[in-house]
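Student: Next comes the structure file start_4.cif, holding mmCIF, C-alpha atoms and all ligand atoms.
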data_start
loop_
_atom_site.label_atom_id
_atom_site.label_comp_id
_atom_site.auth_asym_id
_atom_site.auth_seq_id
_atom_site.Cartn_x
_atom_site.Cartn_y
_atom_site.Cartn_z
CA MET M 1 96.50 83.53 109.33
CA ARG M 2 99.81 84.75 107.87
CA ASN M 3 99.60 87.45 105.30
CA SER M 4 102.18 88.43 102.65
CA LEU M 5 100.43 91.80 102.46
CA LEU M 6 101.62 92.41 106.02
CA GLY M 7 105.07 90.90 105.61
CA GLY M 8 104.20 87.60 107.26
CA LEU M 9 102.44 89.23 110.22
CA SER M 10 98.95 88.06 110.93
CA PRO M 11 96.36 90.85 110.82
CA ARG M 12 95.99 90.36 114.59
CA ASP M 13 99.74 90.91 115.21
CA PHE M 14 99.80 93.84 112.82
CA LEU M 15 96.92 95.48 114.68
CA ALA M 16 98.53 94.87 118.06
CA ARG M 17 102.04 95.99 117.14
CA HIS M 18 101.74 98.60 114.42
CA TRP M 19 98.23 99.99 113.98
CA GLN M 20 98.21 103.55 115.33
CA ARG M 21 101.61 102.89 116.90
CA ARG M 22 104.54 102.51 114.53
CA PRO M 23 105.24 102.34 110.80
CA LEU M 24 105.74 99.11 108.95
CA LEU M 25 107.53 98.66 105.67
CA VAL M 26 106.65 95.47 103.82
CA ARG M 27 108.94 94.67 100.92
CA ASN M 28 107.13 93.01 98.04
CA ALA M 29 103.80 92.93 99.86
CA LEU M 30 102.07 92.31 96.55
CA PRO M 31 104.54 90.30 94.45
CA GLY M 32 104.31 91.14 90.75
CA PHE M 33 102.03 94.09 91.49
CA ARG M 34 101.26 96.09 88.38
CA ASP M 35 99.63 99.48 88.15
CA LEU M 36 95.84 99.39 88.20
CA ALA M 37 95.72 102.00 85.44
CA ASP M 38 98.27 103.81 83.29
CA HIS M 39 99.12 107.47 83.76
CA ALA M 40 96.95 108.55 80.80
CA THR M 41 93.88 106.89 82.36
CA ILE M 42 94.54 108.61 85.67
CA ALA M 43 95.01 111.96 83.94
CA ASP M 44 91.66 111.37 82.13
CA LEU M 45 89.95 110.67 85.45
CA ALA M 46 91.43 113.90 86.88
CA MET M 47 89.63 115.81 84.12
CA ARG M 48 86.20 114.44 85.03
CA ASP M 49 83.69 116.50 87.01
CA GLU M 50 82.61 113.77 89.43
CA VAL M 51 86.17 112.77 90.30
CA GLU M 52 88.03 114.46 93.16
CA SER M 53 91.52 115.39 91.97
CA ARG M 54 94.43 117.75 92.64
CA LEU M 55 97.51 118.92 90.82
CA VAL M 56 100.51 119.78 92.98
CA GLU M 57 103.45 121.54 91.39
CA ARG M 58 106.76 122.86 92.62
CA ARG M 59 108.28 125.57 90.49
CA ARG M 60 111.56 127.06 91.66
CA GLY M 61 110.90 125.97 95.23
CA ARG M 62 107.32 127.36 95.33
CA TRP M 63 104.46 124.95 95.78
CA SER M 64 101.10 125.39 94.12
CA LEU M 65 97.88 123.44 94.33
CA ALA M 66 94.99 123.27 91.87
CA HIS M 67 91.78 121.37 92.54
CA GLY M 68 90.16 119.34 89.77
CA PRO M 69 88.53 118.85 87.42
CA LEU M 70 91.88 119.56 85.76
CA THR M 71 92.13 120.78 82.20
CA ARG M 72 94.24 119.24 79.48
CA ALA M 73 96.23 122.49 79.37
CA GLN M 74 97.01 122.26 83.11
CA LEU M 75 98.18 118.69 82.71
CA ARG M 76 100.31 119.55 79.69
CA ARG M 77 101.87 122.60 81.37
CA ALA M 78 102.85 120.52 84.39
CA GLY M 79 105.44 118.76 82.20
CA GLY M 80 108.28 121.18 82.90
CA VAL M 81 108.17 121.11 86.72
CA ASP M 82 108.09 118.73 89.67
CA TRP M 83 104.46 117.74 89.58
CA SER M 84 102.06 115.21 90.94
CA VAL M 85 98.42 114.52 90.13
CA LEU M 86 96.30 112.93 92.85
CA VAL M 87 92.95 111.25 92.28
CA SER M 88 90.86 110.34 95.33
CA GLY M 89 88.23 107.62 95.42
CA LEU M 90 89.86 105.58 92.63
CA ASN M 91 87.91 102.60 94.04
CA LEU M 92 84.67 104.30 92.94
CA HIS M 93 85.78 104.38 89.33
CA LEU M 94 87.91 101.27 88.83
CA PRO M 95 86.80 97.78 89.92
CA ALA M 96 90.44 96.65 90.37
CA ALA M 97 90.98 99.53 92.81
CA GLU M 98 87.86 98.49 94.74
CA ARG M 99 89.23 94.93 94.97
CA LEU M 100 92.57 96.23 96.22
CA LEU M 101 90.88 98.37 98.88
CA ARG M 102 88.90 95.37 100.13
CA ARG M 103 92.13 93.45 100.78
CA PHE M 104 92.38 95.64 103.87
CA ASP M 105 89.06 94.47 105.25
CA PHE M 106 90.65 93.08 108.39
CA ILE M 107 89.91 96.65 109.51
CA PRO M 108 86.21 97.60 109.82
CA GLN M 109 84.66 99.11 106.72
CA ALA M 110 83.49 102.01 108.86
CA ARG M 111 87.18 102.99 109.20
CA LEU M 112 88.05 102.58 105.53
CA ASP M 113 87.97 105.78 103.57
CA ASP M 114 89.14 105.35 100.03
CA LEU M 115 91.94 104.45 97.69
CA MET M 116 93.78 107.48 96.36
CA VAL M 117 96.30 107.29 93.57
CA SER M 118 99.08 109.70 92.77
CA ILE M 119 101.15 109.90 89.65
CA ALA M 120 104.31 111.96 89.67
CA ALA M 121 107.21 112.98 87.49
CA PRO M 122 110.73 112.50 88.89
CA GLY M 123 111.06 115.06 91.70
CA GLY M 124 107.28 115.20 92.17
CA GLY M 125 105.46 114.78 95.48
CA VAL M 126 103.20 116.72 97.80
CA GLY M 127 105.92 117.96 100.16
CA PRO M 128 106.56 117.14 103.81
CA HIS M 129 103.28 116.85 105.72
CA GLU M 130 101.39 114.87 108.33
CA ASP M 131 98.04 113.13 107.88
CA ALA M 132 95.38 112.89 110.56
CA TYR M 133 94.59 109.27 109.66
CA ASP M 134 96.35 105.96 109.17
CA VAL M 135 97.50 105.22 105.66
CA PHE M 136 98.99 102.33 103.70
CA LEU M 137 101.15 103.56 100.83
CA LEU M 138 101.53 100.97 98.10
CA GLN M 139 104.17 101.61 95.49
CA GLY M 140 103.16 100.96 91.90
CA ARG M 141 105.36 101.85 88.98
CA GLY M 142 108.68 103.65 89.64
CA ARG M 143 110.49 104.32 92.88
CA ARG M 144 109.82 106.78 95.64
CA ARG M 145 112.10 108.02 98.38
CA TRP M 146 110.30 108.46 101.70
CA ARG M 147 111.63 110.53 104.57
CA LEU M 148 109.85 109.99 107.87
CA CYS M 149 109.70 111.65 111.26
CA ARG M 150 107.78 110.53 114.35
CA PRO M 151 104.82 112.67 115.51
CA ARG M 152 105.67 115.95 117.19
CA ALA M 153 104.39 119.52 117.32
CA PHE M 154 105.36 120.37 113.76
CA ARG M 155 105.45 123.96 112.56
CA PHE M 156 103.86 124.61 109.20
CA VAL M 157 105.02 126.89 106.41
CA PRO M 158 102.92 130.06 106.76
CA GLY M 159 100.83 131.04 103.76
CA ALA M 160 101.70 127.93 101.73
CA ALA M 161 99.12 126.46 99.35
CA LEU M 162 99.57 123.11 101.12
CA ARG M 163 99.99 122.35 104.82
CA LEU M 164 103.73 121.79 104.62
CA ILE M 165 105.95 121.05 107.60
CA GLU M 166 108.53 123.80 108.05
CA ASP M 167 112.20 122.76 108.29
CA PHE M 168 111.29 119.10 108.01
CA GLU M 169 114.02 116.93 109.48
CA ALA M 170 113.68 113.26 108.75
CA GLU M 171 114.76 110.59 111.21
CA GLN M 172 114.45 107.76 108.71
CA GLU M 173 114.77 107.42 105.00
CA LEU M 174 113.66 104.56 102.79
CA LEU M 175 113.06 103.73 99.19
CA THR M 176 109.97 101.94 97.92
CA GLU M 177 109.78 99.90 94.74
CA PRO M 178 106.85 98.27 92.90
CA GLY M 179 104.78 96.11 95.28
CA ASP M 180 106.29 97.58 98.49
CA LEU M 181 103.84 98.71 101.15
CA LEU M 182 104.49 101.33 103.81
CA TYR M 183 102.06 101.72 106.72
CA LEU M 184 102.10 105.04 108.56
CA PRO M 185 100.13 105.81 111.70
CA PRO M 186 98.46 109.21 112.06
CA GLY M 187 100.70 112.17 112.78
CA TRP M 188 103.95 110.82 111.31
CA GLY M 189 105.72 113.47 109.26
CA HIS M 190 106.44 112.15 105.78
CA ASP M 191 107.75 113.35 102.47
CA GLY M 192 107.66 111.07 99.43
CA VAL M 193 109.57 112.16 96.35
CA ALA M 194 109.34 110.29 93.05
CA LEU M 195 112.72 109.14 91.74
CA ALA M 196 111.28 107.99 88.42
CA PRO M 197 107.83 108.35 86.81
CA CYS M 198 105.87 107.02 89.72
CA THR M 199 102.48 105.75 90.85
CA THR M 200 101.59 105.44 94.54
CA TYR M 201 98.31 104.15 95.98
CA SER M 202 97.15 105.38 99.38
CA ILE M 203 94.71 103.19 101.24
CA GLY M 204 93.30 105.79 103.59
CA PHE M 205 91.20 105.48 106.72
CA ARG M 206 88.79 107.77 108.38
CA ALA M 207 87.57 108.43 111.85
CA PRO M 208 84.97 111.00 112.71
CA LEU M 209 86.52 114.06 114.34
CA GLY M 210 84.89 115.05 117.63
CA GLU M 211 83.68 118.40 116.40
CA GLU M 212 82.35 117.10 113.11
CA LEU M 213 80.61 114.22 114.86
CA ALA M 214 79.01 116.47 117.47
CA GLY M 215 77.80 118.92 114.81
CA ALA M 216 76.27 116.09 112.77
CA PHE M 217 74.60 114.67 115.89
CA LEU M 218 73.04 118.04 116.71
CA ASP M 219 71.66 118.17 113.16
CA TRP M 220 70.35 114.61 113.62
CA LEU M 221 68.61 115.58 116.87
CA HIS M 222 67.10 118.57 115.12
CA ALA M 223 65.75 116.39 112.30
CA ARG M 224 64.39 113.89 114.86
CA GLY M 225 62.52 116.66 116.68
CA LEU M 226 63.51 119.03 119.46
CA PRO M 227 61.37 120.00 122.46
CA GLY M 228 58.63 122.43 121.54
CA GLY M 229 56.99 124.97 123.84
CA ARG M 230 56.37 128.64 123.70
CA TYR M 231 57.83 131.44 125.77
CA ARG M 232 55.26 133.18 127.96
CA ASP M 233 55.70 136.15 130.27
CA PRO M 234 52.44 137.15 131.85
CA GLY M 235 52.61 140.29 134.04
CA PRO M 236 56.04 141.62 133.05
CA ARG M 237 57.43 144.76 134.68
CA VAL M 238 57.47 148.04 132.78
CA SER M 239 60.76 148.17 130.94
CA ARG M 240 63.00 151.10 131.85
CA HIS M 241 65.87 149.78 129.69
CA PRO M 242 64.14 148.36 126.62
CA ALA M 243 67.44 147.21 125.14
CA ARG M 244 68.03 144.76 127.99
CA ILE M 245 67.23 141.08 127.46
CA PRO M 246 65.03 139.97 130.36
CA PRO M 247 66.79 137.27 132.46
CA THR M 248 63.57 135.24 132.25
CA MET M 249 64.36 134.70 128.59
CA VAL M 250 67.68 133.12 129.52
CA ASP M 251 65.87 130.96 132.12
CA TYR M 252 63.48 129.85 129.42
CA ALA M 253 66.29 129.02 126.96
CA SER M 254 68.19 127.15 129.63
CA GLU M 255 65.13 125.04 130.61
CA THR M 256 64.30 124.31 126.98
CA LEU M 257 67.83 123.12 126.24
CA ALA M 258 67.89 121.01 129.41
CA ARG M 259 64.86 119.15 128.04
CA ILE M 260 66.88 117.84 125.08
CA ARG M 261 67.50 114.20 125.88
CA TRP M 262 69.04 111.27 124.08
CA THR M 263 69.84 107.70 124.88
CA ARG M 264 72.67 105.39 123.80
CA ARG M 265 70.15 103.84 121.43
CA ASP M 266 69.67 107.21 119.73
CA VAL M 267 73.43 107.64 119.52
CA ALA M 268 73.82 104.15 118.01
CA ARG M 269 71.19 104.90 115.41
CA PHE M 270 72.84 108.21 114.57
CA VAL M 271 76.29 106.55 114.30
CA GLY M 272 74.91 103.87 111.93
CA GLU M 273 73.21 106.44 109.73
CA TYR M 274 76.17 108.82 109.82
CA LEU M 275 78.86 106.27 109.01
CA SER M 276 76.86 104.62 106.27
CA THR M 277 76.08 107.88 104.49
CA PRO M 278 78.05 108.13 101.24
CA LYS M 279 80.22 111.23 100.77
CA PRO M 280 78.35 114.26 99.42
CA GLN M 281 79.93 114.05 95.96
CA VAL M 282 78.86 110.40 95.47
CA VAL M 283 76.37 109.83 92.66
CA PHE M 284 74.94 106.36 92.01
CA HIS M 285 74.51 105.14 88.47
CA PRO M 286 71.21 103.28 88.00
CA PRO M 287 71.19 100.73 85.15
CA HIS M 288 70.42 102.30 81.75
CA ARG M 289 68.06 99.53 80.69
CA PRO M 290 66.94 97.83 83.91
CA LEU M 291 65.57 94.30 83.86
CA PRO M 292 61.86 94.09 84.64
CA PRO M 293 61.11 92.61 88.11
CA ALA M 294 60.42 89.04 86.91
CA ALA M 295 63.58 88.88 84.79
CA PHE M 296 65.56 90.28 87.73
CA ALA M 297 64.20 87.59 90.07
CA ALA M 298 65.08 84.86 87.56
CA ARG M 299 68.61 86.20 86.99
CA LEU M 300 69.19 86.66 90.69
CA ARG M 301 69.14 82.89 91.20
CA ARG M 302 72.03 82.40 88.78
CA ALA M 303 74.03 85.56 89.48
CA MET M 304 76.40 87.01 92.07
CA VAL M 305 74.99 90.00 93.88
CA VAL M 306 77.73 92.63 94.11
CA LEU M 307 77.42 95.84 96.09
CA ASP M 308 78.29 98.92 94.10
CA ALA M 309 81.64 100.41 95.22
CA ARG M 310 79.74 103.52 96.40
CA THR M 311 77.33 101.56 98.59
CA GLN M 312 77.83 101.58 102.34
CA LEU M 313 76.10 98.62 103.97
CA LEU M 314 77.08 98.50 107.64
CA ALA M 315 75.81 96.54 110.61
CA LEU M 316 75.52 97.76 114.16
CA GLY M 317 74.21 95.24 116.65
CA SER M 318 71.15 93.80 114.99
CA THR M 319 70.51 96.79 112.75
CA LEU M 320 71.75 97.17 109.20
CA PHE M 321 72.24 100.58 107.65
CA LEU M 322 72.24 101.10 103.91
CA ASN M 323 73.53 104.39 102.54
CA GLY M 324 72.42 106.36 105.57
CA GLU M 325 69.09 104.57 106.25
CA PRO M 326 68.34 101.92 108.88
CA LEU M 327 66.70 98.74 107.53
CA ALA M 328 63.88 97.12 109.44
CA LEU M 329 64.17 93.39 108.72
CA PRO M 330 63.36 90.11 110.40
CA LEU M 331 66.31 88.12 111.78
CA ALA M 332 66.74 85.58 108.96
CA ARG M 333 66.97 88.32 106.34
CA ARG M 334 69.32 90.38 108.49
CA LYS M 335 71.72 87.45 108.68
CA VAL M 336 71.99 86.96 104.95
CA LEU M 337 72.28 90.70 104.32
CA SER M 338 75.03 90.87 106.98
CA ALA M 339 76.90 88.23 104.99
CA LEU M 340 76.49 90.42 101.89
CA ALA M 341 77.66 93.46 103.89
CA ASP M 342 80.84 91.70 105.07
CA ALA M 343 81.87 90.13 101.77
CA ARG M 344 80.23 92.81 99.58
CA ARG M 345 79.25 90.00 97.18
CA LEU M 346 77.11 86.93 97.64
CA ALA M 347 75.63 84.20 95.48
CA GLY M 348 72.14 85.26 94.44
CA THR M 349 70.69 81.87 95.48
CA ARG M 350 71.37 82.82 99.11
CA LEU M 351 69.43 86.06 98.68
CA ALA M 352 66.59 84.86 96.47
CA HIS M 353 64.10 84.79 99.34
CA ALA M 354 60.65 85.93 98.27
CA ALA M 355 60.59 88.66 100.91
CA LEU M 356 64.01 90.00 99.95
CA VAL M 357 63.66 90.12 96.18
CA PRO M 358 61.58 93.33 96.03
CA LEU M 359 64.09 95.05 98.30
CA LEU M 360 67.05 93.88 96.22
CA TYR M 361 65.23 94.93 93.08
CA ALA M 362 64.72 98.44 94.47
CA TRP M 363 68.44 98.65 95.29
CA TYR M 364 69.33 97.39 91.83
CA ARG M 365 67.16 100.10 90.26
CA LEU M 366 68.94 102.72 92.36
CA GLY M 367 72.39 101.45 91.32
CA TYR M 368 73.21 100.29 94.89
CA LEU M 369 73.99 96.77 93.67
CA HIS M 370 74.63 94.87 90.46
CA LEU M 371 74.14 91.32 89.25
CA GLU M 372 77.25 89.63 87.91
CA THR M 373 77.38 86.42 85.96
CA PRO M 374 79.58 84.04 87.95
CA ALA M 375 82.88 83.22 86.22
C1 LIG M 401 101.47 110.81 97.37
O1 LIG M 401 101.03 109.75 96.92
O2 LIG M 401 102.23 111.54 96.75
C2 LIG M 401 101.08 111.32 98.72
C3 LIG M 401 100.70 110.29 99.67
C4 LIG M 401 100.91 110.80 101.07
O3 LIG M 401 101.99 111.30 101.37
O4 LIG M 401 100.02 110.70 101.91
CO CO M 402 100.47 111.79 103.42
#
Will you turn the file into structure tokens for me?
Tutor:
Amino acid sequence: MRNSLLGGLSPRDFLARHWQRRPLLVRNALPGFRDLADHATIADLAMRDEVESRLVERRRGRWSLAHGPLTRAQLRRAGGVDWSVLVSGLNLHLPAAERLLRRFDFIPQARLDDLMVSIAAPGGGVGPHEDAYDVFLLQGRGRRRWRLCRPRAFRFVPGAALRLIEDFEAEQELLTEPGDLLYLPPGWGHDGVALAPCTTYSIGFRAPLGEELAGAFLDWLHARGLPGGRYRDPGPRVSRHPARIPPTMVDYASETLARIRWTRRDVARFVGEYLSTPKPQVVFHPPHRPLPPAAFAARLRRAMVVLDARTQLLALGSTLFLNGEPLALPLARRKVLSALADARRLAGTRLAHAALVPLLYAWYRLGYLHLETPA
């Protein structure tokens, strides 16, 4: 399958040649691409509590960073300097952004993070930096000049509000225009400066960091249950140095810890739960006036079932995980729910099985999915 999004490369060739290896610039990846929202709408989002946003400014060579929710005064004041406002998780707030994000679903959903948008005045940007993850940068309105440098042991400006590369020397320079797409692997130094009022969309990926993953797994083991037992020391010696910890206590701790066991099955279950858990700031919006169960079942047969943008429905082997919880289901139901998980929408007739309807209804009431009238 050829793909204009990838400049005529098939997703398979893109993954083999570029993914995590080398940048790719695709001119006019989305012909006729228009901004998903105007700058005023993005500024409004940046003022909302449940939206993750940042304001980056550069005043006389000094960078500053403010985390949202931003105030109207902050946004107004930014006018006189090189500024940029960044809104993360645009896909959670704008259906068009969710659709754009899903165009990248040739990469597993478990690796997709979110769609971030930045708006900037001429001269605005976030300074030279590296990102730990892969990113596709899609140019909306305006033009942006990118300077790139392959991964190396960068030095960072000490004490800066942002993690800025010190003495950034670019090896490559390019200009992006509306509809152009730039893919950058992790670790590439980059600095994008707006040349005109500018909108840039970042399709970002995620991968669990070793430390974070291990910490979360230890918490998971704790919640699952750790070996019990009680320390006993019959017939101890009289203590001449009461401050000393008896070595038998270390023996006991060591034996207790050695009894902690896990299998690959446990790890798989943890990974499914962990990767399908929505981010901590995610809040679902249940329907204000939910349909009663019978009306829901009747509508289901005529509607499209659409997963809410916040919902994570992932499959691992034969288990499905929904928003951090494994689902115990017989095979036939797993298959149809896997189809829903992959496409994130499915005709209700395919799901209107008597045994599934109560489950779908519960998810509908929680705001995990919606019914849409087919066009
Ligand atoms: C931006 O949109 O200004 C920043 C995107 C990036 O450099 O990762
Ligand atoms: Co970046």
Student: Distance cut-off 10 Å, centre (111.4, 120.5, 108.0) in file coordinates, counting all atoms listed in the file: which residues qualify? Return them as number ranges by chain.
Tutor: M: 127-129, 149, 154-157, 164-170, 189-191
Student: Mind giving me the straight-line distance from CA of Gly187 (chain M) to CA of Ala161 (chain M) in Å, one decimal?
Tutor: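 Computed distance, CA of Gly187 (chain M) to CA of Ala161 (chain M), equals 19.7 Å.
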Student: Report as an MDAnalysis selection string which protein, DNA and RNA residues come within 12 Å of ligand CO 402 (chain M), using only C-alpha atoms and all ligand atoms.
Tutor: chainID M and resid 86 116:118 125:137 146:148 162:165 182:193 200:205
Student: Could you write out that same residue set with C-alpha atoms as a PDB file, in the frame of the given file?
Tutor:
ATOM      1  CA  LEU M  86      96.300 112.930  92.850  1.00  0.00           C
ATOM      2  CA  MET M 116      93.780 107.480  96.360  1.00  0.00           C
ATOM      3  CA  VAL M 117      96.300 107.290  93.570  1.00  0.00           C
ATOM      4  CA  SER M 118      99.080 109.700  92.770  1.00  0.00           C
ATOM      5  CA  GLY M 125     105.460 114.780  95.480  1.00  0.00           C
ATOM      6  CA  VAL M 126     103.200 116.720  97.800  1.00  0.00           C
ATOM      7  CA  GLY M 127     105.920 117.960 100.160  1.00  0.00           C
ATOM      8  CA  PRO M 128     106.560 117.140 103.810  1.00  0.00           C
ATOM      9  CA  HIS M 129     103.280 116.850 105.720  1.00  0.00           C
ATOM     10  CA  GLU M 130     101.390 114.870 108.330  1.00  0.00           C
ATOM     11  CA  ASP M 131      98.040 113.130 107.880  1.00  0.00           C
ATOM     12  CA  ALA M 132      95.380 112.890 110.560  1.00  0.00           C
ATOM     13  CA  TYR M 133      94.590 109.270 109.660  1.00  0.00           C
ATOM     14  CA  ASP M 134      96.350 105.960 109.170  1.00  0.00           C
ATOM     15  CA  VAL M 135      97.500 105.220 105.660  1.00  0.00           C
ATOM     16  CA  PHE M 136      98.990 102.330 103.700  1.00  0.00           C
ATOM     17  CA  LEU M 137     101.150 103.560 100.830  1.00  0.00           C
ATOM     18  CA  TRP M 146     110.300 108.460 101.700  1.00  0.00           C
ATOM     19  CA  ARG M 147     111.630 110.530 104.570  1.00  0.00           C
ATOM     20  CA  LEU M 148     109.850 109.990 107.870  1.00  0.00           C
ATOM     21  CA  LEU M 162      99.570 123.110 101.120  1.00  0.00           C
ATOM     22  CA  ARG M 163      99.990 122.350 104.820  1.00  0.00           C
ATOM     23  CA  LEU M 164     103.730 121.790 104.620  1.00  0.00           C
ATOM     24  CA  ILE M 165     105.950 121.050 107.600  1.00  0.00           C
ATOM     25  CA  LEU M 182     104.490 101.330 103.810  1.00  0.00           C
ATOM     26  CA  TYR M 183     102.060 101.720 106.720  1.00  0.00           C
ATOM     27  CA  LEU M 184     102.100 105.040 108.560  1.00  0.00           C
ATOM     28  CA  PRO M 185     100.130 105.810 111.700  1.00  0.00           C
ATOM     29  CA  PRO M 186      98.460 109.210 112.060  1.00  0.00           C
ATOM     30  CA  GLY M 187     100.700 112.170 112.780  1.00  0.00           C
ATOM     31  CA  TRP M 188     103.950 110.820 111.310  1.00  0.00           C
ATOM     32  CA  GLY M 189     105.720 113.470 109.260  1.00  0.00           C
ATOM     33  CA  HIS M 190     106.440 112.150 105.780  1.00  0.00           C
ATOM     34  CA  ASP M 191     107.750 113.350 102.470  1.00  0.00           C
ATOM     35  CA  GLY M 192     107.660 111.070  99.430  1.00  0.00           C
ATOM     36  CA  VAL M 193     109.570 112.160  96.350  1.00  0.00           C
ATOM     37  CA  THR M 200     101.590 105.440  94.540  1.00  0.00           C
ATOM     38  CA  TYR M 201      98.310 104.150  95.980  1.00  0.00           C
ATOM     39  CA  SER M 202      97.150 105.380  99.380  1.00  0.00           C
ATOM     40  CA  ILE M 203      94.710 103.190 101.240  1.00  0.00           C
ATOM     41  CA  GLY M 204      93.300 105.790 103.590  1.00  0.00           C
ATOM     42  CA  PHE M 205      91.200 105.480 106.720  1.00  0.00           C
TER      43      PHE M 205
END
Student: Between M:Val85, M:Leu291, M:Pro23, M:Asp114, which has the minimum distance to Ala97 (chain M) (counting only C-alpha atoms)?
Tutor: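 Once distances to Ala97 (chain M) are computed over only C-alpha atoms, the minimum belongs to M:Asp114.
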Student: Here is a test: counting only C-alpha atoms, which residue of M:Ala347, M:Ala120, M:Leu112, M:Ala355 is nearest to Ala332 (chain M)?
Tutor: M:Ala355
Student: Given the choices M:Leu209, M:Leu138, M:Ala341, M:Ala297, which gets closest to ligand LIG 401 (chain M) if the distance is worked out from all atoms listed in the file?
Tutor: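 The answer is M:Leu138, which sits nearest to ligand LIG 401 (chain M).
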Student: Kindly indicate which residue among M:Glu173, M:Glu57, M:Glu273, M:Glu50 lies nearest to Glu325 (chain M), using all atoms listed in the file for the distances.
Tutor: M:Glu273
